[in-house]
>>> print(open('entry_32.csv').read())   # CSV, C-alpha atoms
chain,number,residue,atom,x,y,z
A,1,MET,CA,13.4,-18.6,-33.6
A,2,ASN,CA,10.0,-19.2,-35.1
A,3,GLY,CA,9.3,-22.0,-32.6
A,4,ILE,CA,9.8,-19.6,-29.6
A,5,LYS,CA,6.7,-17.4,-30.2
A,6,PRO,CA,4.1,-20.3,-30.2
A,7,GLN,CA,5.8,-21.6,-27.1
A,8,LYS,CA,5.5,-18.2,-25.5
A,9,ASN,CA,1.9,-17.9,-26.6
A,10,LEU,CA,1.1,-21.2,-25.0
A,11,LEU,CA,2.8,-20.0,-21.8
A,12,ILE,CA,0.7,-16.9,-21.8
A,13,ILE,CA,-2.5,-18.9,-22.2
A,14,VAL,CA,-1.5,-21.3,-19.4
A,15,ASN,CA,-0.6,-18.3,-17.3
A,16,VAL,CA,-4.0,-16.6,-17.9
A,17,ILE,CA,-5.8,-19.9,-17.1
A,18,LEU,CA,-3.8,-20.3,-13.9
A,19,LEU,CA,-4.4,-16.7,-13.0
A,20,ILE,CA,-8.2,-17.0,-13.4
A,21,ALA,CA,-8.2,-20.2,-11.3
A,22,VAL,CA,-6.1,-18.6,-8.5
A,23,VAL,CA,-8.2,-15.4,-8.5
A,24,ALA,CA,-11.4,-17.5,-8.3
A,25,ALA,CA,-9.9,-19.5,-5.4
A,26,LEU,CA,-8.8,-16.3,-3.8
A,27,ILE,CA,-12.3,-14.9,-3.9
A,28,VAL,CA,-13.7,-18.0,-2.4
A,29,THR,CA,-11.2,-18.2,0.4
A,30,ALA,CA,-11.3,-14.5,1.1
A,31,GLY,CA,-15.1,-14.8,1.4
A,32,ASN,CA,-14.7,-17.7,3.8
A,33,ALA,CA,-12.1,-15.8,5.9
A,34,GLY,CA,-14.5,-13.0,6.5
A,35,GLY,CA,-17.7,-15.0,6.7
A,36,LYS,CA,-19.8,-15.6,9.8
A,37,SER,CA,-19.7,-19.1,10.9
A,38,ASN,CA,-21.7,-18.9,14.1
A,39,GLU,CA,-24.0,-16.1,15.2
A,40,ILE,CA,-26.5,-15.9,17.9
A,41,HIS,CA,-28.7,-13.0,18.8
A,42,LEU,CA,-29.9,-12.4,22.2
A,43,THR,CA,-32.9,-10.1,22.1
A,44,THR,CA,-34.5,-9.4,25.3
A,45,ALA,CA,-37.0,-7.0,26.8
A,46,VAL,CA,-35.6,-6.1,30.2
A,47,VAL,CA,-38.4,-5.4,32.5
A,48,SER,CA,-38.0,-3.7,35.8
A,49,GLU,CA,-40.6,-3.4,38.5
A,50,GLU,CA,-39.9,-0.9,41.3
A,51,GLY,CA,-36.2,-0.9,40.5
A,52,GLU,CA,-35.9,-4.7,40.3
A,53,ILE,CA,-35.2,-6.6,37.1
A,54,THR,CA,-37.4,-9.5,36.6
A,55,THR,CA,-35.2,-11.0,33.9
A,56,PRO,CA,-31.8,-10.9,35.4
A,57,SER,CA,-30.2,-13.0,32.6
A,58,GLN,CA,-30.7,-14.3,29.2
A,59,GLU,CA,-29.5,-17.6,27.8
A,60,SER,CA,-28.9,-18.8,24.3
A,61,THR,CA,-27.4,-21.9,22.8
A,62,LEU,CA,-24.4,-21.9,20.5
A,63,TYR,CA,-23.3,-24.8,18.4
A,64,ILE,CA,-19.7,-25.0,17.4
A,65,ILE,CA,-19.1,-27.4,14.5
A,66,ARG,CA,-15.4,-27.0,14.3
A,67,ASP,CA,-12.6,-26.6,16.8
A,68,GLY,CA,-10.8,-23.3,16.6
A,69,ASN,CA,-10.1,-19.8,17.7
A,70,TYR,CA,-13.2,-17.6,17.5
A,71,SER,CA,-13.4,-13.9,17.4
A,72,LEU,CA,-16.2,-12.4,19.5
A,73,ASP,CA,-18.1,-9.7,17.8
A,74,ILE,CA,-20.4,-8.2,20.4
A,75,ASP,CA,-22.7,-5.2,20.4
A,76,TRP,CA,-22.3,-4.3,24.0
A,77,ASP,CA,-23.2,-0.7,24.0
A,78,GLY,CA,-26.0,0.5,26.2
A,79,PRO,CA,-26.8,2.9,29.0
A,80,GLU,CA,-25.2,1.9,32.2
A,81,GLU,CA,-28.2,1.6,34.5
A,82,ILE,CA,-30.5,-1.0,35.8
A,83,GLY,CA,-31.0,-3.5,33.1
A,84,PHE,CA,-27.5,-3.0,31.6
A,85,ALA,CA,-25.8,-6.2,30.5
A,86,SER,CA,-22.8,-6.5,32.7
A,87,VAL,CA,-21.5,-10.1,32.4
A,88,LEU,CA,-21.1,-12.6,29.5
A,89,THR,CA,-20.4,-16.2,30.2
A,90,ILE,CA,-20.0,-19.2,27.9
A,91,ALA,CA,-20.4,-22.6,29.5
A,92,ASP,CA,-19.9,-26.0,27.8
A,93,GLU,CA,-22.4,-28.9,28.0
A,94,ASP,CA,-21.1,-29.9,31.4
A,95,GLY,CA,-21.8,-26.5,32.7
A,96,ASP,CA,-18.1,-25.6,33.0
A,97,LEU,CA,-17.3,-22.0,32.2
A,98,VAL,CA,-15.0,-21.6,29.2
A,99,TYR,CA,-15.3,-17.9,29.0
A,100,PHE,CA,-16.2,-15.2,31.4
A,101,ALA,CA,-16.0,-11.4,31.0
A,102,SER,CA,-17.6,-8.6,32.7
A,103,GLY,CA,-18.6,-5.2,31.3
A,104,ASP,CA,-15.6,-3.4,29.9
A,105,ALA,CA,-13.6,-6.6,29.5
A,106,VAL,CA,-15.9,-7.7,26.7
A,107,HIS,CA,-15.3,-5.9,23.4
A,108,SER,CA,-15.3,-6.8,19.7
A,109,GLY,CA,-12.4,-8.8,18.7
A,110,THR,CA,-12.1,-10.7,22.0
A,111,LYS,CA,-10.6,-14.1,21.1
A,112,VAL,CA,-12.1,-17.3,22.5
A,113,HIS,CA,-10.9,-20.9,21.8
A,114,LEU,CA,-13.9,-23.2,21.5
A,115,ASN,CA,-14.0,-26.9,20.7
A,116,LYS,CA,-16.7,-28.6,18.8
A,117,GLY,CA,-19.8,-28.9,20.8
A,118,LYS,CA,-22.8,-27.2,22.4
A,119,TYR,CA,-22.4,-24.1,24.5
A,120,THR,CA,-24.6,-21.9,26.6
A,121,CYS,CA,-24.1,-18.2,26.4
A,122,THR,CA,-25.5,-16.2,29.2
A,123,ILE,CA,-25.8,-12.4,29.4
A,124,SER,CA,-26.5,-11.2,32.9
A,125,PHE,CA,-28.1,-7.9,33.5
A,126,ILE,CA,-27.8,-5.6,36.5
A,127,GLY,CA,-30.8,-6.7,38.4
A,128,ASN,CA,-31.2,-3.9,41.0
A,129,GLU,CA,-29.8,-0.8,42.5
A,130,GLU,CA,-27.5,-2.7,44.8
A,131,GLU,CA,-25.9,-4.7,41.9
A,132,TYR,CA,-25.7,-1.5,40.0
A,133,SER,CA,-23.8,0.2,42.8
A,134,ILE,CA,-21.4,-2.7,43.1
A,135,TYR,CA,-20.8,-2.7,39.4
A,136,MET,CA,-20.2,1.0,39.2
A,137,VAL,CA,-17.9,1.0,42.3
A,138,ASN,CA,-15.9,-1.8,40.7
A,139,LYS,CA,-15.8,-0.1,37.4
A,140,ASP,CA,-15.3,3.6,38.2
A,141,GLY,CA,-14.9,3.7,41.9
A,142,LEU,CA,-18.0,5.8,42.3
A,143,VAL,CA,-21.7,5.6,41.9
A,144,ASP,CA,-23.6,7.9,39.6
A,145,GLU,CA,-26.5,9.2,41.6
A,146,LYS,CA,-28.6,10.0,38.6
A,147,ILE,CA,-30.0,6.5,38.0
A,148,ASN,CA,-32.9,6.1,35.6
A,149,PHE,CA,-34.9,3.4,37.3
A,150,GLN,CA,-37.2,2.6,34.4
A,151,PRO,CA,-40.2,2.6,36.7
A,152,ASP,CA,-42.8,1.4,34.3
A,153,GLY,CA,-41.0,-1.4,33.0
A,154,SER,CA,-40.5,-2.2,29.4
A,155,TRP,CA,-37.0,-1.5,28.2
A,156,PRO,CA,-36.3,-3.5,25.0
A,157,MET,CA,-32.6,-3.9,24.4
A,158,ASN,CA,-30.9,-5.8,21.6
A,159,TYR,CA,-27.7,-7.5,22.5
A,160,SER,CA,-26.1,-9.4,19.7
A,161,ILE,CA,-23.2,-11.7,19.9
A,162,ALA,CA,-21.5,-13.1,16.9
A,163,PHE,CA,-18.8,-15.7,16.9
A,164,HIS,CA,-16.6,-15.5,13.9
A,165,LYS,CA,-14.3,-18.4,13.5
A,166,ARG,CA,-10.9,-16.9,13.0
A,167,LEU,CA,-10.1,-18.8,9.9
A,168,ILE,CA,-6.4,-18.6,10.2
A,169,ASP,CA,-6.0,-21.3,7.6
A,170,SER,CA,-8.3,-19.4,5.2
A,171,VAL,CA,-6.4,-16.2,5.8
A,172,ALA,CA,-3.0,-17.9,5.3
A,173,LEU,CA,-4.4,-19.6,2.1
A,174,SER,CA,-5.6,-16.2,0.9
A,175,ILE,CA,-2.1,-14.7,1.4
A,176,VAL,CA,-0.5,-17.6,-0.5
A,177,LEU,CA,-3.0,-17.4,-3.3
A,178,ALA,CA,-2.6,-13.6,-3.5
A,179,THR,CA,1.2,-14.1,-3.7
A,180,ILE,CA,0.8,-16.7,-6.5
A,181,ALA,CA,-1.6,-14.3,-8.3
A,182,ALA,CA,1.0,-11.5,-8.0
A,183,ILE,CA,3.7,-13.9,-9.4
A,184,LEU,CA,1.4,-14.9,-12.3
A,185,ILE,CA,0.6,-11.3,-13.1
A,186,CYS,CA,4.3,-10.4,-13.1
A,187,SER,CA,5.2,-13.4,-15.3
A,188,LEU,CA,2.3,-12.5,-17.6
A,189,ILE,CA,3.6,-9.0,-18.0
A,190,TYR,CA,7.1,-10.4,-18.6
A,191,LEU,CA,5.9,-12.8,-21.2
A,192,VAL,CA,3.7,-10.2,-23.0
A,193,THR,CA,6.5,-7.6,-23.1
A,194,LYS,CA,9.0,-10.2,-24.2
A,195,LEU,CA,6.8,-11.0,-27.1
A,196,ASN,CA,6.5,-7.4,-28.1
A,197,ASP,CA,9.9,-5.7,-27.9
A,198,LYS,CA,8.3,-2.3,-28.3
A,199,LEU,CA,6.8,-2.6,-24.9
A,200,ILE,CA,10.2,-2.9,-23.2
A,201,ASN,CA,11.8,0.3,-22.1
A,202,GLU,CA,15.4,0.3,-23.2
A,203,TYR,CA,18.0,2.1,-21.1
A,204,ASP,CA,21.7,2.2,-21.8
A,205,GLU,CA,24.2,1.1,-19.2
A,206,ARG,CA,24.8,4.7,-17.8
A,207,GLN,CA,21.0,5.2,-17.5
A,208,GLU,CA,20.6,1.9,-15.7
A,209,LEU,CA,23.3,2.8,-13.3
A,210,LEU,CA,21.8,6.2,-12.5
A,211,ARG,CA,18.3,4.9,-12.3
A,212,GLY,CA,19.5,2.4,-9.7
A,213,ARG,CA,21.2,5.2,-7.7
A,214,ALA,CA,18.1,7.3,-8.0
A,215,TYR,CA,16.0,4.5,-6.7
A,216,ARG,CA,18.3,3.9,-3.7
A,217,LEU,CA,18.4,7.6,-2.8
A,218,ALA,CA,14.6,7.9,-3.1
A,219,PHE,CA,14.2,4.9,-0.8
A,220,ILE,CA,16.5,6.4,1.8
A,221,VAL,CA,14.6,9.8,1.7
A,222,MET,CA,11.2,8.1,1.9
A,223,ALA,CA,12.3,5.8,4.7
A,224,SER,CA,13.7,8.9,6.6
A,225,PHE,CA,10.4,10.8,6.0
A,226,PHE,CA,8.3,8.0,7.4
A,227,GLY,CA,10.9,7.5,10.2
A,228,CYS,CA,10.5,11.2,11.2
A,229,VAL,CA,6.7,10.8,11.0
A,230,ALA,CA,6.8,7.8,13.3
A,231,LEU,CA,9.1,9.6,15.7
A,232,LEU,CA,6.7,12.6,15.8
A,233,ASN,CA,3.9,10.3,16.5
A,234,LEU,CA,5.9,8.6,19.2
A,235,ILE,CA,6.7,11.8,21.0
A,236,GLY,CA,3.1,12.9,20.7
A,237,VAL,CA,3.4,15.6,18.1
A,238,ASN,CA,0.2,15.8,16.2
A,239,ILE,CA,0.6,16.2,12.5
A,240,PRO,CA,-2.3,18.4,11.3
A,241,ALA,CA,-3.0,16.2,8.3
A,242,ASP,CA,-5.1,13.1,7.5
A,243,LYS,CA,-3.1,9.8,7.7
A,244,TYR,CA,-3.5,9.3,3.9
A,245,ILE,CA,-2.2,12.7,3.2
A,246,VAL,CA,1.0,12.0,5.2
A,247,ASP,CA,1.4,8.6,3.4
A,248,VAL,CA,0.9,10.2,-0.1
A,249,MET,CA,3.3,13.0,0.9
A,250,GLY,CA,6.0,10.5,1.7
A,251,VAL,CA,5.5,8.6,-1.5
A,252,ALA,CA,5.4,11.9,-3.5
A,253,ILE,CA,8.7,13.1,-1.9
A,254,GLY,CA,10.3,9.7,-2.7
A,255,LEU,CA,9.1,9.8,-6.3
A,256,ALA,CA,10.2,13.5,-6.6
A,257,VAL,CA,13.7,12.6,-5.5
A,258,MET,CA,13.9,9.6,-7.8
A,259,ALA,CA,12.6,11.6,-10.8
A,260,THR,CA,14.9,14.5,-10.0
A,261,VAL,CA,18.1,12.3,-10.1
A,262,ARG,CA,16.9,10.6,-13.3
A,263,ILE,CA,15.8,13.7,-15.1
A,264,VAL,CA,18.9,15.7,-14.2
A,265,ASN,CA,21.1,12.8,-15.4
A,266,ASP,CA,19.1,12.1,-18.6
A,267,ALA,CA,18.1,8.7,-17.3
A,268,TYR,CA,14.3,9.3,-17.0
A,269,PHE,CA,13.2,8.7,-20.6
A,270,ALA,CA,14.1,5.3,-22.2
A,271,LEU,CA,16.0,5.2,-25.5
A,272,ASN,CA,12.9,4.0,-27.3
A,273,GLU,CA,10.5,6.5,-25.6
A,274,ASN,CA,9.3,9.6,-27.4
A,275,SER,CA,9.7,12.3,-24.8
A,276,ARG,CA,8.1,14.8,-27.2
A,277,LEU,CA,4.9,12.8,-27.1
A,278,LEU,CA,5.1,12.2,-23.3
A,279,ILE,CA,5.5,15.9,-22.4
A,280,PRO,CA,2.1,17.0,-23.8
A,281,ILE,CA,0.4,14.1,-22.0
A,282,LEU,CA,2.1,15.1,-18.8
A,283,CYS,CA,1.0,18.7,-19.4
A,284,LEU,CA,-2.6,17.6,-19.8
A,285,ILE,CA,-2.5,15.4,-16.6
A,286,THR,CA,-0.9,18.3,-14.7
A,287,LEU,CA,-3.5,20.7,-15.9
A,288,ALA,CA,-6.4,18.4,-15.0
A,289,ASN,CA,-4.9,17.9,-11.5
A,290,THR,CA,-4.3,21.6,-11.0
A,291,ILE,CA,-7.9,22.4,-11.9
A,292,ALA,CA,-9.1,19.8,-9.4
A,293,ALA,CA,-6.7,21.1,-6.8
A,294,ILE,CA,-8.0,24.7,-7.3
A,295,ILE,CA,-11.6,23.6,-7.2
A,296,ASN,CA,-10.9,21.7,-4.0
A,297,THR,CA,-9.2,24.7,-2.4
A,298,ILE,CA,-11.9,27.1,-3.4
A,299,SER,CA,-14.7,24.8,-2.2
A,300,GLY,CA,-12.9,24.4,1.2
A,301,ASN,CA,-12.4,20.7,0.8
A,302,VAL,CA,-8.7,20.9,1.6
A,303,ILE,CA,-8.7,21.8,5.3
A,304,ALA,CA,-11.3,20.8,7.9
A,305,ASP,CA,-10.9,21.8,11.6
A,306,GLY,CA,-7.3,22.8,10.9
A,307,VAL,CA,-6.4,19.4,9.5
A,308,LEU,CA,-5.5,18.7,5.9
A,309,THR,CA,-8.1,16.4,4.4
A,310,VAL,CA,-8.1,13.9,1.5
A,311,GLY,CA,-9.0,16.8,-0.7
A,312,PHE,CA,-5.4,18.0,-0.4
A,313,LEU,CA,-4.3,14.9,-2.4
A,314,ASN,CA,-4.9,16.9,-5.7
A,315,VAL,CA,-2.7,19.7,-4.4
A,316,ILE,CA,0.2,17.3,-3.6
A,317,VAL,CA,-0.2,15.6,-7.0
A,318,SER,CA,-0.4,18.9,-8.8
A,319,VAL,CA,2.7,20.2,-7.0
A,320,TYR,CA,4.6,17.0,-7.8
A,321,LEU,CA,3.6,17.0,-11.5
A,322,LEU,CA,4.3,20.8,-11.9
A,323,TYR,CA,7.8,20.2,-10.4
A,324,MET,CA,8.4,17.2,-12.7
A,325,LEU,CA,7.2,19.1,-15.8
A,326,THR,CA,9.4,22.2,-15.0
A,327,LEU,CA,12.4,19.9,-14.4
A,328,ILE,CA,11.8,18.0,-17.7
A,329,LEU,CA,11.3,21.2,-19.7
A,330,VAL,CA,14.3,23.0,-18.2
A,331,LYS,CA,16.5,19.9,-18.8
A,332,SER,CA,15.3,19.5,-22.4
A,333,LYS,CA,16.1,23.2,-23.0
A,334,MET,CA,19.6,22.6,-21.5
A,335,ASN,CA,20.1,19.6,-23.7
A,336,LYS,CA,19.0,21.5,-26.8
A,337,SER,CA,21.6,24.3,-26.1
A,338,GLU,CA,24.2,21.5,-25.5
A,339,ASP,CA,23.5,20.1,-29.0
B,340,MET,CA,39.3,13.6,-17.3
B,341,LYS,CA,38.0,14.6,-20.7
B,342,ASN,CA,38.2,12.1,-23.5
B,343,LEU,CA,39.4,14.4,-26.3
B,344,LYS,CA,40.6,11.4,-28.3
B,345,LEU,CA,37.1,10.1,-28.7
B,346,LYS,CA,35.8,13.6,-29.5
B,347,SER,CA,38.4,14.2,-32.2
B,348,ALA,CA,37.9,10.7,-33.7
B,349,ARG,CA,34.2,11.4,-33.9
B,350,ALA,CA,34.8,14.8,-35.4
B,351,ALA,CA,37.2,13.2,-37.9
B,352,LYS,CA,34.4,10.9,-39.0
B,353,ASP,CA,32.1,14.0,-39.2
B,354,MET,CA,29.7,12.3,-36.8
B,355,SER,CA,27.5,14.0,-34.3
B,356,GLN,CA,27.1,12.7,-30.7
B,357,ASP,CA,23.6,11.7,-31.6
B,358,ALA,CA,24.7,9.7,-34.7
B,359,LEU,CA,27.3,7.9,-32.8
B,360,ALA,CA,24.9,7.2,-29.9
B,361,LYS,CA,22.4,5.7,-32.4
B,362,ILE,CA,25.1,3.4,-33.9
B,363,VAL,CA,26.2,2.1,-30.5
B,364,GLY,CA,22.7,2.0,-29.0
B,365,VAL,CA,23.0,4.5,-26.2
B,366,SER,CA,21.7,7.9,-25.5
B,367,ARG,CA,23.4,11.1,-26.8
B,368,GLN,CA,23.9,12.2,-23.2
B,369,THR,CA,25.9,9.0,-22.5
B,370,ILE,CA,28.3,9.8,-25.4
B,371,ASN,CA,28.5,13.4,-24.1
B,372,ALA,CA,29.2,12.1,-20.5
B,373,ILE,CA,32.0,9.8,-21.8
B,374,GLU,CA,33.6,12.7,-23.8
B,375,LYS,CA,33.4,15.0,-20.8
B,376,GLY,CA,34.9,12.2,-18.6
B,377,ASP,CA,31.8,12.1,-16.4
B,378,TYR,CA,31.1,8.4,-17.1
B,379,ASN,CA,33.4,5.4,-17.4
B,380,PRO,CA,31.9,3.1,-20.0
B,381,THR,CA,32.0,-0.7,-19.8
B,382,ILE,CA,34.4,-2.6,-22.0
B,383,LYS,CA,31.4,-3.7,-24.1
B,384,LEU,CA,30.5,-0.1,-24.9
B,385,CYS,CA,34.1,0.9,-25.4
B,386,LYS,CA,34.3,-1.9,-28.1
B,387,GLU,CA,31.1,-0.7,-29.7
B,388,ILE,CA,32.4,2.8,-29.9
B,389,CYS,CA,35.8,1.7,-31.3
B,390,LYS,CA,34.0,-0.4,-34.0
B,391,ALA,CA,31.8,2.6,-35.0
B,392,LEU,CA,34.8,4.9,-35.2
B,393,ASP,CA,37.2,2.3,-36.8
B,394,LYS,CA,39.7,2.8,-33.9
B,395,THR,CA,41.3,0.5,-31.4
B,396,LEU,CA,40.7,0.5,-27.7
B,397,ASP,CA,44.3,1.9,-27.2
B,398,GLU,CA,43.7,4.7,-29.6
B,399,LEU,CA,40.5,5.9,-27.9
B,400,PHE,CA,40.7,4.8,-24.3
B,401,TRP,CA,44.3,4.3,-23.2
B,402,ASP,CA,45.7,7.1,-21.2
B,403,GLU,CA,49.3,8.0,-22.1
B,404,GLU,CA,51.1,9.7,-19.3
>>> encode(input="entry_32.csv", output="structure tokens")
Amino acid sequence: MNGIKPQKNLLIIVNVILLIAVVAALIVTAGNAGGKSNEIHLTTAVVSEEGEITTPSQESTLYIIRDGNYSLDIDWDGPEEIGFASVLTIADEDGDLVYFASGDAVHSGTKVHLNKGKYTCTISFIGNEEEYSIYMVNKDGLVDEKINFQPDGSWPMNYSIAFHKRLIDSVALSIVLATIAAILICSLIYLVTKLNDKLINEYDERQELLRGRAYRLAFIVMASFFGCVALLNLIGVNIPADKYIVDVMGVAIGLAVMATVRIVNDAYFALNENSRLLIPILCLITLANTIAAIINTISGNVIADGVLTVGFLNVIVSVYLLYMLTLILVKSKMNKSED
Amino acid sequence: MKNLKLKSARAAKDMSQDALAKIVGVSRQTINAIEKGDYNPTIKLCKEICKALDKTLDELFWDEE
């Protein structure tokens, strides 16, 4: 038996080293996945003279050093008038178009496959009133008569285009590394708790059975709740609450169901857990949350424009904790009278 | 169905539910549930209870029609 502990200690050390290595690798790959690999900025001062643009297009060169799918991040917003950037083209070294998009078709996140090489990016601007009319007719089917012609000229506009390589390999690697990190953390917890028996919650066979039933019931209730929410969203019913509030509410309902089944059946506290110590701690947490909930409610942070905001989180948690506390106290009172 | 045999065997030993629970390594509520017939224990737990009360499985857990 004595040989087991040093072996476990060694396993913990190896586990920690591996975990550090994996987390470091994860940071590096995650950084790569979100990094900018190619970025060009087209900054141009669009000049119009008597309603005619003298710089109808702007070119810039893009070098792609690695084949792959790129995500186009473009700042395309601007007033729709003479000088408005309406078309983006990307041509390879031979002048063949590899990408073309006009006005509304270009948006952030547009995916372009580019091979290694040199490309020319061109942004075309609406050059005159005639082009503007054609663009607007194609776009909206009508022409806005209130055109600002920019009679004197200078109209500096910054159009930026960034090509982010969609590093699918990096993303995939990050997911794999995150999974490995999660496994390592779990095994670390397992090893540490195995070394110290006091850290393991012990439940008897009846408690284990009821805990499992409670978990299953809570899962069904929670899944039903989120199913109902999805259905309401589908049929267009607007839930007057922030998305996070709905999510937390679902989790709180699931946890409340699980706790109810466990507390009622005396399967909540482990055999080696001191409920007399845990109840005061729970009281303190409930009190702190209730105070926060009251402060949030008084200061009006709970509802904004008829919608429940994140400030309502404390109210949910307080209600959940108060419910739990009441249930635990009632059950312990019942158990005492049973004794 | 209530397990009165277990209850009387425990009483004969002047043992509380809590004391028996501690000997066999379960919660007091589990012993209570077995006595009330709300829970069917595994054979492993039955054996532990029998050992603690110096009884056989037949004596404590066999239903005689």
>>> closest_residue(input="entry_32.csv", among="B:Leu345, B:Ile388, B:Ala350, B:Ile370", to="chain A", atoms="all atoms listed in the file")
B:Ile370
>>> closest_atom_pairs(input="entry_32.csv", of="chain B", to="chain A", cutoff="10 Å", atoms="only C-alpha atoms", output="tab-separated table")
residue	atom	partner	partner_atom	distance
B:Ser355	CA	A:Asp339	CA	9.0
B:Gln356	CA	A:Asp339	CA	8.4
B:Asp357	CA	A:Asp339	CA	8.8
B:Lys361	CA	A:Leu271	CA	9.4
B:Val363	CA	A:Asp204	CA	9.8
B:Gly364	CA	A:Asp204	CA	7.3
B:Val365	CA	A:Asp204	CA	5.1
B:Ser366	CA	A:Leu271	CA	6.3
B:Arg367	CA	A:Asp339	CA	9.3
B:Gln368	CA	A:Asp266	CA	6.6
B:Thr369	CA	A:Arg206	CA	6.5
B:Ile370	CA	A:Arg206	CA	9.8
B:Asn371	CA	A:Glu338	CA	9.3
B:Ala372	CA	A:Arg206	CA	9.0
B:Ile373	CA	A:Arg206	CA	9.7
B:Tyr378	CA	A:Arg206	CA	7.3
B:Asn379	CA	A:Arg206	CA	8.6
B:Pro380	CA	A:Arg206	CA	7.6
B:Thr381	CA	A:Glu205	CA	8.0
B:Lys383	CA	A:Glu205	CA	9.9
B:Leu384	CA	A:Glu205	CA	8.6
>>> residues_around(input="entry_32.csv", residues="Ala348 in chain B", least_positions_apart="5", cutoff="12 Å", atoms="all atoms listed in the file", output="PyMOL selection string")
chain B and resi 342-343+353-356+359+374+388-395+398-400
>>> residues_around(input="entry_32.csv", residues="Ile90 in chain A", least_positions_apart="3", cutoff="7 Å", atoms="all atoms listed in the file", output="list in words")
Leu97, Val98, Tyr99, Phe100, Tyr119, Thr120, Cys121 and Thr122 of chain A
>>> closest_residue(input="entry_32.csv", among="A:Phe225, A:Tyr70, A:Tyr244, A:Tyr215", to="Phe312 in chain A", atoms="only C-alpha atoms")
A:Tyr244
>>> atom_distance(input="entry_32.csv", atom1="CA of Thr193 in chain A", atom2="CA of Leu282 in chain A")
23.5 Å
>>> residues_around(input="entry_32.csv", residues="Tyr63 in chain A", least_positions_apart="6", cutoff="8 Å", atoms="all atoms listed in the file", output="list of chain:residue names")
A:Asn38, A:Lys116, A:Gly117, A:Lys118, A:Tyr119
>>> atom_distance(input="entry_32.csv", atom1="CA of Ile123 in chain A", atom2="CA of Leu62 in chain A")
13.1 Å
>>> residues_around(input="entry_32.csv", residues="Ala304 in chain A", least_positions_apart="4", cutoff="10 Å", atoms="all atoms listed in the file", output="list in words")
Pro240, Ala241, Asp242, Gly300, Leu308, Thr309, Val310 and Gly311 of chain A
>>> residues_near_point(input="entry_32.csv", point="(-6.1, -19.1, -0.5)", cutoff="6 Å", atoms="only C-alpha atoms", output="PyMOL selection string")
chain A and resi 26+29+173-174+176-177
>>> build_atoms(input="entry_32.csv", residues="range 87-99 of chain A", atoms="N, CA and C atoms", output="PDB file, keeping the file's coordinate frame")
ATOM      1  N   VAL A  87     -22.396  -8.915  32.372  1.00  0.00           N
ATOM      2  CA  VAL A  87     -21.500 -10.100  32.400  1.00  0.00           C
ATOM      3  C   VAL A  87     -21.905 -11.023  31.202  1.00  0.00           C
ATOM      4  N   LEU A  88     -20.880 -11.554  30.546  1.00  0.00           N
ATOM      5  CA  LEU A  88     -21.100 -12.600  29.500  1.00  0.00           C
ATOM      6  C   LEU A  88     -20.377 -13.832  29.936  1.00  0.00           C
ATOM      7  N   THR A  89     -21.069 -14.937  29.918  1.00  0.00           N
ATOM      8  CA  THR A  89     -20.400 -16.200  30.200  1.00  0.00           C
ATOM      9  C   THR A  89     -20.712 -17.203  29.092  1.00  0.00           C
ATOM     10  N   ILE A  90     -19.762 -18.080  28.859  1.00  0.00           N
ATOM     11  CA  ILE A  90     -20.000 -19.200  27.900  1.00  0.00           C
ATOM     12  C   ILE A  90     -19.637 -20.465  28.662  1.00  0.00           C
ATOM     13  N   ALA A  91     -20.591 -21.346  28.728  1.00  0.00           N
ATOM     14  CA  ALA A  91     -20.400 -22.600  29.500  1.00  0.00           C
ATOM     15  C   ALA A  91     -20.562 -23.771  28.486  1.00  0.00           C
ATOM     16  N   ASP A  92     -19.758 -24.833  28.704  1.00  0.00           N
ATOM     17  CA  ASP A  92     -19.900 -26.000  27.800  1.00  0.00           C
ATOM     18  C   ASP A  92     -21.064 -26.879  28.295  1.00  0.00           C
ATOM     19  N   GLU A  93     -21.202 -28.045  27.663  1.00  0.00           N
ATOM     20  CA  GLU A  93     -22.400 -28.900  28.000  1.00  0.00           C
ATOM     21  C   GLU A  93     -22.386 -29.382  29.402  1.00  0.00           C
ATOM     22  N   ASP A  94     -21.184 -29.499  30.007  1.00  0.00           N
ATOM     23  CA  ASP A  94     -21.100 -29.900  31.400  1.00  0.00           C
ATOM     24  C   ASP A  94     -21.372 -28.785  32.372  1.00  0.00           C
ATOM     25  N   GLY A  95     -21.563 -27.609  31.835  1.00  0.00           N
ATOM     26  CA  GLY A  95     -21.800 -26.500  32.700  1.00  0.00           C
ATOM     27  C   GLY A  95     -20.520 -25.775  33.149  1.00  0.00           C
ATOM     28  N   ASP A  96     -19.353 -26.254  32.656  1.00  0.00           N
ATOM     29  CA  ASP A  96     -18.100 -25.600  33.000  1.00  0.00           C
ATOM     30  C   ASP A  96     -17.900 -24.322  32.208  1.00  0.00           C
ATOM     31  N   LEU A  97     -17.473 -23.281  32.920  1.00  0.00           N
ATOM     32  CA  LEU A  97     -17.300 -22.000  32.200  1.00  0.00           C
ATOM     33  C   LEU A  97     -16.039 -22.063  31.344  1.00  0.00           C
ATOM     34  N   VAL A  98     -16.210 -21.712  30.093  1.00  0.00           N
ATOM     35  CA  VAL A  98     -15.000 -21.600  29.200  1.00  0.00           C
ATOM     36  C   VAL A  98     -14.676 -20.193  28.903  1.00  0.00           C
ATOM     37  N   TYR A  99     -15.618 -19.315  29.212  1.00  0.00           N
ATOM     38  CA  TYR A  99     -15.300 -17.900  29.000  1.00  0.00           C
ATOM     39  C   TYR A  99     -16.165 -17.068  29.957  1.00  0.00           C
TER      40      TYR A  99
END
